[in-house]
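Asks: Just dropping this structure here.
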Amino acid sequence: MSSPGSDVTDIEDVLDEPAHQPETEPELVGKRPPARSWRTRADFVAVALIAVVSVVAAVLTWAFSDARGTTSITGPSSWEPLPEAAALPPTLAEVWRAKSGATQWPVVVQTPSKDTGEEKPSTVVTGDGGEVNGRDPLSGDVRWTYKRDLPLCTVSTAWARAMALYSKGTNCSELTSLDGVTGERRAQRNGDAEPGTALLNEGSHLITTGSKYVEVYRRDDLVKSLEYGSLRAIVNPNKQPRVGCTYGSVTVTSGRFAMIERCPDDGTDRVSVLKPNPDKSDEPKVFASVLAGGKNAQVVAVTEKLVAVAMPNPSRLVVFDAETGNQITETPIDVPAVDFTDPPNHVTRVFATKTNVFWFTGSRTMALSHDTLTPLWTAEGTVGAGTTLAGRAIIPVKDGLKVFEQATGEVVGTIRVNRDGYTGPVQLATAGPVVLEQRGETLVALR
């Protein structure tokens, strides 16, 4: 038999002789050391130190994180659809207003209908300070709120979402997308957009504007699909087609955008048409880039086939082929030379329908044919590009809104609007039966 704790076995002698008995018991093999207690003073001190370090680390992480300065209050998952505007109202009166210094035009989120899939307006978005609010178009009541302790650069909309761009330093770098109905936070990305930028929805991409640099983000995930101009961090040199240029006005359409470039080696302004999603983000794809033939040019409109550029001295509208850059037409226009300055935030002040493009020059609104980009008619004394309501064009004037037939420019009527002494530019949009006016840093809803 084996001794307790031993791994050696005694075997019985075959001659049955008595086994030799040692005088002393053999030492135990593999004896376990006595268990150590974890209840000493040193153990408690070590555990306490670990706990303190963990708490301090968690507090510091929270104190210096973006989450500490962010408030998100979401709303219900659906709202009643807005009633259609079947006819022009005889009068319009203010129903609500809100401060909205971060919106450059009325921001209306279009949400696909559950029944037809057709996009319909659902939420009006305002932004001021660091706060973005989704509002009921009819009452102005706040449905959801997203707020950060950072200044807002601008607020826009794309893909049934509100797009909020914040500044965290010298540039507008913090882009957040918010569900237009609930206000829930979706994709976020960091970029390098310039202060004073705008966000332009091309359809599948979001384009920033700037005087030396623009960038483009792809829908949903907001992956950067294009960098153009003076890049802050150049990874692959010699990829930009031109360097040292500054940029004027910008306008967009599905699958492309056009901009005015002013380059040191060019004798006149240049118009360039670019693809928003080239194969590589730092290797721009330029459809066409040609000298416009004059200075102080404005790019007015771009379509799949054409791009229109307005120039002074003499005032004229030149249409180029958007693929080859060849000139198609040149038409004299009655626009004063004083109007030929770069528009605010580099964004051409236009409103497009299926038949017309309405361009606000700064003193009048010119209707162009969507098919040829040639002038059709002009509304004098306007203060904005306008919009449509019940199939008619409504264009802001000093004392209210003028209503026009889109095809002919015939004046249908005038709707008086009391703007309480405000005399600056007015950007229009509609949400169902509600007409929205962006007056400087204030958004006003009329019905």
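Chain identifiers are assigned as A, B, and so on, following the order in which chains appear in the structure tokens; residues are numbered from 1 within each chain, and ligands are numbered from 1 in order of appearance.
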Can you pull out the residues contacting segment 80-91 of chain A? Cut-off 10 Å, using only C-alpha atoms, and skip same-chain residues under 3 positions away; I want them as a ChimeraX atom specification.

Replies: /A:111,113,120-123,136-138,389-392,394,403,413-417,430-434,446-447

Asks: Create the file for the chosen residues now, containing C-alpha atoms and written as a compact mmCIF listing (two decimals), in the first residue's frame.

Replies:
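Everything below was put into part-v4.txt:
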# COMPACT_ATOMS: atom_id res chain seq x y z
CA THR A 111 -39.62 61.48 -45.21
CA SER A 113 -44.41 57.75 -47.20
CA LYS A 120 -43.20 64.18 -48.16
CA PRO A 121 -42.25 66.97 -45.72
CA SER A 122 -42.46 65.88 -42.10
CA THR A 123 -40.25 68.04 -39.88
CA ASP A 136 -43.92 70.44 -36.01
CA PRO A 137 -44.37 72.44 -39.25
CA LEU A 138 -47.90 73.48 -38.31
CA LEU A 389 -46.93 76.12 -53.93
CA ALA A 390 -49.93 74.41 -55.54
CA GLY A 391 -48.07 74.29 -58.86
CA ARG A 392 -47.35 78.03 -59.02
CA ILE A 394 -44.09 82.13 -55.42
CA VAL A 403 -47.35 84.41 -57.58
CA GLY A 413 -51.50 87.57 -57.76
CA THR A 414 -49.73 89.01 -54.73
CA ILE A 415 -50.00 87.83 -51.12
CA ARG A 416 -49.20 90.52 -48.57
CA VAL A 417 -46.79 89.55 -45.77
CA THR A 430 -42.84 74.93 -48.07
CA ALA A 431 -43.96 72.12 -45.77
CA GLY A 432 -47.45 71.02 -46.78
CA PRO A 433 -49.64 74.15 -46.52
CA VAL A 434 -47.02 76.09 -44.55
CA LEU A 446 -46.81 81.45 -42.54
CA ARG A 447 -50.20 79.93 -43.18

Asks: Just want the 12 Å neighbourhood of Gly400 of chain A, counted on only C-alpha atoms, with same-chain residues fewer than 4 positions away dropped. Output as a list in words.

Replies: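 Here the answer would be Thr91, Leu92, Ala93, Gly381, Thr382, Val383, Gly384, Gly386, Ile394, Ile395, Pro396, Gly413, Thr414, Ile415, Arg416, Val417, Asn418, Arg419, Asp420, Gly421, Tyr422, Thr423, Val426, Leu428, Val435, Glu437 and Leu446 of chain A.
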
Asks: How close does segment 357-417 of chain A get to segment 244-253 of chain A? List, as a tab-separated table, each residue of segment 357-417 of chain A within 12 Å, its nearest atom pair and the distance in Å to one decimal, counting only C-alpha atoms.

Replies:
residue	atom	partner	partner_atom	distance
A:Val357	CA	A:Thr253	CA	11.6
A:Trp359	CA	A:Thr251	CA	11.1
A:His370	CA	A:Thr253	CA	11.6

Asks: Using only C-alpha atoms, determine which residues lie at most 9 Å from Val273 of chain A, disregarding the query and same-chain residues fewer than 6 positions distant; provide the list as an mmCIF file with C-alpha atoms, in the first residue's frame.

Replies:
data_model
loop_
_atom_site.group_PDB
_atom_site.id
_atom_site.type_symbol
_atom_site.label_atom_id
_atom_site.label_comp_id
_atom_site.auth_asym_id
_atom_site.auth_seq_id
_atom_site.Cartn_x
_atom_site.Cartn_y
_atom_site.Cartn_z
ATOM 1 C CA ARG A 256 -22.177 66.218 -60.382
ATOM 2 C CA PHE A 257 -21.513 69.694 -59.076
ATOM 3 C CA ALA A 258 -20.143 72.853 -60.694
ATOM 4 C CA MET A 259 -18.039 75.622 -59.249
ATOM 5 C CA LYS A 285 -12.646 63.271 -61.433
ATOM 6 C CA VAL A 286 -13.246 66.427 -63.491
ATOM 7 C CA PHE A 287 -15.890 66.129 -66.207
ATOM 8 C CA ALA A 288 -15.042 69.509 -67.721
ATOM 9 C CA SER A 289 -13.008 72.571 -66.763
ATOM 10 C CA VAL A 302 -25.847 72.623 -63.755
ATOM 11 C CA VAL A 307 -23.739 74.229 -67.073
ATOM 12 C CA ALA A 322 -21.010 69.795 -69.014
ATOM 13 C CA GLU A 323 -18.972 66.925 -70.490
ATOM 14 C CA GLY A 325 -16.689 72.251 -71.907
#

Asks: At a cut-off of 8 Å, can you tabulate as CSV every residue of segment 72-141 of chain A near segment 179-194 of chain A together with its closest atom pair and the distance in Å to one decimal, using only C-alpha atoms and ordering rows by chain then number?

Replies:
residue,atom,partner,partner_atom,distance
A:Ser72,CA,A:Glu184,CA,7.6
A:Ile73,CA,A:Gly183,CA,7.4
A:Thr74,CA,A:Gly183,CA,5.1
A:Gly75,CA,A:Thr182,CA,4.6
A:Pro76,CA,A:Thr182,CA,5.7
A:Ser77,CA,A:Thr182,CA,5.5
A:Ser78,CA,A:Val181,CA,6.5
A:Trp79,CA,A:Val181,CA,7.7
A:Val109,CA,A:Gly180,CA,5.8
A:Gln110,CA,A:Gly180,CA,8.0
A:Thr111,CA,A:Gly180,CA,7.6
A:Ser122,CA,A:Val181,CA,7.2
A:Thr123,CA,A:Gly180,CA,6.5
A:Gly134,CA,A:Gly183,CA,7.0

Asks: Could you list, as an MDAnalysis selection string, every residue within 12 Å of Leu165 of chain A, counting only C-alpha atoms and ignoring same-chain residues fewer than 5 positions away?

Replies: chainID A and resid 102:103 127:132 146:148 150:157 171:178 188:199 206 208

Asks: Output N, CA and C atoms for every residue in the selection just made, as a tab-separated table (two decimals), in the first residue's frame.

Replies:
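What landed in result33.tsv:
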chain	number	residue	atom	x	y	z
A	102	ALA	N	-28.17	79.13	-37.56
A	102	ALA	CA	-27.32	78.14	-38.21
A	102	ALA	C	-27.92	77.59	-39.50
A	103	THR	N	-29.14	78.00	-39.85
A	103	THR	CA	-29.72	77.58	-41.12
A	103	THR	C	-29.61	78.72	-42.12
A	127	GLY	N	-31.71	75.57	-36.07
A	127	GLY	CA	-30.45	75.44	-35.35
A	127	GLY	C	-29.93	76.77	-34.91
A	128	ASP	N	-29.49	76.85	-33.66
A	128	ASP	CA	-28.96	78.11	-33.15
A	128	ASP	C	-28.06	77.81	-31.96
A	129	GLY	N	-26.94	78.57	-31.85
A	129	GLY	CA	-25.99	78.29	-30.78
A	129	GLY	C	-25.39	76.92	-30.99
A	130	GLY	N	-25.65	76.00	-30.10
A	130	GLY	CA	-25.22	74.62	-30.28
A	130	GLY	C	-26.38	73.66	-30.36
A	131	GLU	N	-27.61	74.18	-30.50
A	131	GLU	CA	-28.82	73.36	-30.38
A	131	GLU	C	-29.54	73.21	-31.71
A	132	VAL	N	-29.95	71.97	-32.00
A	132	VAL	CA	-30.74	71.65	-33.18
A	132	VAL	C	-32.09	71.13	-32.71
A	146	TYR	N	-31.28	68.06	-30.16
A	146	TYR	CA	-29.91	67.58	-30.08
A	146	TYR	C	-29.03	68.79	-29.81
A	147	LYS	N	-28.22	68.72	-28.74
A	147	LYS	CA	-27.46	69.89	-28.33
A	147	LYS	C	-26.06	69.47	-27.92
A	148	ARG	N	-25.07	70.27	-28.37
A	148	ARG	CA	-23.68	70.07	-27.96
A	148	ARG	C	-23.12	71.38	-27.44
A	150	LEU	N	-20.71	72.95	-28.36
A	150	LEU	CA	-19.87	73.44	-29.44
A	150	LEU	C	-20.70	74.37	-30.32
A	151	PRO	N	-20.08	75.32	-30.98
A	151	PRO	CA	-20.85	76.19	-31.88
A	151	PRO	C	-21.24	75.47	-33.15
A	152	LEU	N	-22.46	75.71	-33.60
A	152	LEU	CA	-22.95	75.16	-34.85
A	152	LEU	C	-22.41	75.97	-36.02
A	153	CYS	N	-21.87	75.29	-37.02
A	153	CYS	CA	-21.49	75.97	-38.25
A	153	CYS	C	-22.69	76.12	-39.17
A	154	THR	N	-23.42	75.04	-39.38
A	154	THR	CA	-24.60	75.08	-40.24
A	154	THR	C	-25.43	73.84	-40.02
A	155	VAL	N	-26.69	73.92	-40.45
A	155	VAL	CA	-27.63	72.79	-40.40
A	155	VAL	C	-28.28	72.66	-41.77
A	156	SER	N	-28.37	71.44	-42.27
A	156	SER	CA	-29.02	71.21	-43.54
A	156	SER	C	-29.77	69.88	-43.46
A	157	THR	N	-30.15	69.33	-44.60
A	157	THR	CA	-30.88	68.07	-44.60
A	157	THR	C	-30.49	67.24	-45.81
A	171	ASN	N	-11.78	74.77	-37.74
A	171	ASN	CA	-12.61	74.36	-38.86
A	171	ASN	C	-13.94	73.81	-38.39
A	172	CYS	N	-14.82	73.56	-39.35
A	172	CYS	CA	-16.11	72.93	-39.06
A	172	CYS	C	-15.91	71.42	-39.28
A	173	SER	N	-15.63	70.71	-38.21
A	173	SER	CA	-15.10	69.35	-38.34
A	173	SER	C	-16.03	68.25	-37.85
A	174	GLU	N	-17.06	68.58	-37.08
A	174	GLU	CA	-17.88	67.54	-36.45
A	174	GLU	C	-19.24	67.45	-37.13
A	175	LEU	N	-19.40	66.45	-38.00
A	175	LEU	CA	-20.66	66.28	-38.75
A	175	LEU	C	-21.47	65.15	-38.14
A	176	THR	N	-22.72	65.45	-37.79
A	176	THR	CA	-23.62	64.48	-37.18
A	176	THR	C	-24.92	64.43	-37.96
A	177	SER	N	-25.38	63.22	-38.27
A	177	SER	CA	-26.69	63.06	-38.92
A	177	SER	C	-27.70	62.62	-37.89
A	178	LEU	N	-28.90	63.20	-37.97
A	178	LEU	CA	-29.98	62.94	-37.01
A	178	LEU	C	-31.22	62.49	-37.75
A	188	GLN	N	-21.79	59.65	-37.77
A	188	GLN	CA	-21.00	60.83	-37.45
A	188	GLN	C	-19.64	60.71	-38.13
A	189	ARG	N	-19.09	61.86	-38.55
A	189	ARG	CA	-17.77	61.86	-39.17
A	189	ARG	C	-17.05	63.17	-38.84
A	190	ASN	N	-15.73	63.11	-38.90
A	190	ASN	CA	-14.89	64.30	-38.75
A	190	ASN	C	-14.36	64.71	-40.10
A	191	GLY	N	-14.33	66.03	-40.35
A	191	GLY	CA	-13.84	66.53	-41.63
A	191	GLY	C	-13.04	67.80	-41.45
A	192	ASP	N	-12.88	68.56	-42.53
A	192	ASP	CA	-12.07	69.77	-42.51
A	192	ASP	C	-12.77	70.93	-43.19
A	193	ALA	N	-14.09	70.97	-43.17
A	193	ALA	CA	-14.81	72.04	-43.85
A	193	ALA	C	-14.44	73.40	-43.28
A	194	GLU	N	-14.43	74.40	-44.15
A	194	GLU	CA	-14.05	75.75	-43.74
A	194	GLU	C	-15.18	76.42	-42.95
A	195	PRO	N	-14.83	77.36	-42.07
A	195	PRO	CA	-15.88	78.19	-41.45
A	195	PRO	C	-16.65	78.94	-42.54
A	196	GLY	N	-17.95	79.11	-42.33
A	196	GLY	CA	-18.78	79.74	-43.35
A	196	GLY	C	-19.24	78.80	-44.43
A	197	THR	N	-19.04	77.50	-44.22
A	197	THR	CA	-19.43	76.52	-45.22
A	197	THR	C	-20.94	76.33	-45.27
A	198	ALA	N	-21.39	75.76	-46.36
A	198	ALA	CA	-22.77	75.29	-46.49
A	198	ALA	C	-22.73	73.79	-46.78
A	199	LEU	N	-23.85	73.12	-46.57
A	199	LEU	CA	-23.98	71.70	-46.88
A	199	LEU	C	-25.01	71.55	-47.99
A	206	LEU	N	-23.27	64.63	-49.92
A	206	LEU	CA	-23.36	65.91	-49.23
A	206	LEU	C	-22.06	66.66	-49.48
A	208	THR	N	-19.65	70.07	-49.06
A	208	THR	CA	-19.37	71.30	-48.32
A	208	THR	C	-18.84	72.35	-49.29

Asks: For Asp371 of chain A, list every protein, DNA or RNA residue within 9 Å, evaluated using only C-alpha atoms, and leave out those in the same chain fewer than 4 positions away; present the list as a tab-separated table (two decimals) with N, CA, C and O atoms, in the first residue's frame.

Replies:
chain	number	residue	atom	x	y	z
A	303	THR	N	-26.87	70.84	-65.02
A	303	THR	CA	-27.69	69.66	-65.24
A	303	THR	C	-26.78	68.53	-65.70
A	303	THR	O	-25.55	68.68	-65.74
A	306	LEU	N	-25.58	70.21	-69.17
A	306	LEU	CA	-25.23	71.61	-69.37
A	306	LEU	C	-24.82	72.27	-68.06
A	306	LEU	O	-25.20	71.83	-66.97
A	355	THR	N	-39.33	71.87	-64.60
A	355	THR	CA	-39.35	72.67	-65.84
A	355	THR	C	-38.47	73.90	-65.79
A	355	THR	O	-38.00	74.36	-66.83
A	356	ASN	N	-38.27	74.46	-64.61
A	356	ASN	CA	-37.57	75.75	-64.50
A	356	ASN	C	-36.44	75.71	-63.48
A	356	ASN	O	-36.44	74.88	-62.55

Asks: List every residue of segment 184-382 of chain A that DSSP, applied to the backbone of this structure, assigns to strand (DSSP E), and report them as a PyMOL selection string.

Replies: chain A and resi 185-193+199-201+205-208+213-218+224-229+246-253+256-262+270-274+286-291+298-302+306-311+316-321+327-332+350-352+356-360+364-369+375-380

Asks: Find the residues near Pro284 of chain A: any atom within 9 Å, counting only C-alpha atoms, skip ones fewer than 3 places away on the same chain, and give them as JSON, numbers by chain.

Replies: {"A": [226, 227, 228, 239, 240, 241, 274, 275, 276, 277, 278, 279, 280, 281]}

Asks: Between atom CA of Arg316 of chain A and atom CA of Thr331 of chain A, what distance in Å does the model show, to one decimal?

Replies: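 So the two atoms, atom CA of Arg316 of chain A and atom CA of Thr331 of chain A, lie 5.4 Å apart.
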
Asks: Run DSSP on the backbone and tell me which residues of segment 274-350 of chain A come out as helix (DSSP H, G or I); list them as a PyMOL selection string.

Replies: chain A and resi 337-339+344-346

Asks: Work out how far atom CA of Val444 of chain A is from atom CA of Lys114 of chain A, in Å to one decimal.

Replies: 29.0 Å

Asks: Would you work out the distance separating atom CA of Thr348 of chain A from atom CA of Thr126 of chain A, expressed in Å to one decimal?

Replies: 21.4 Å
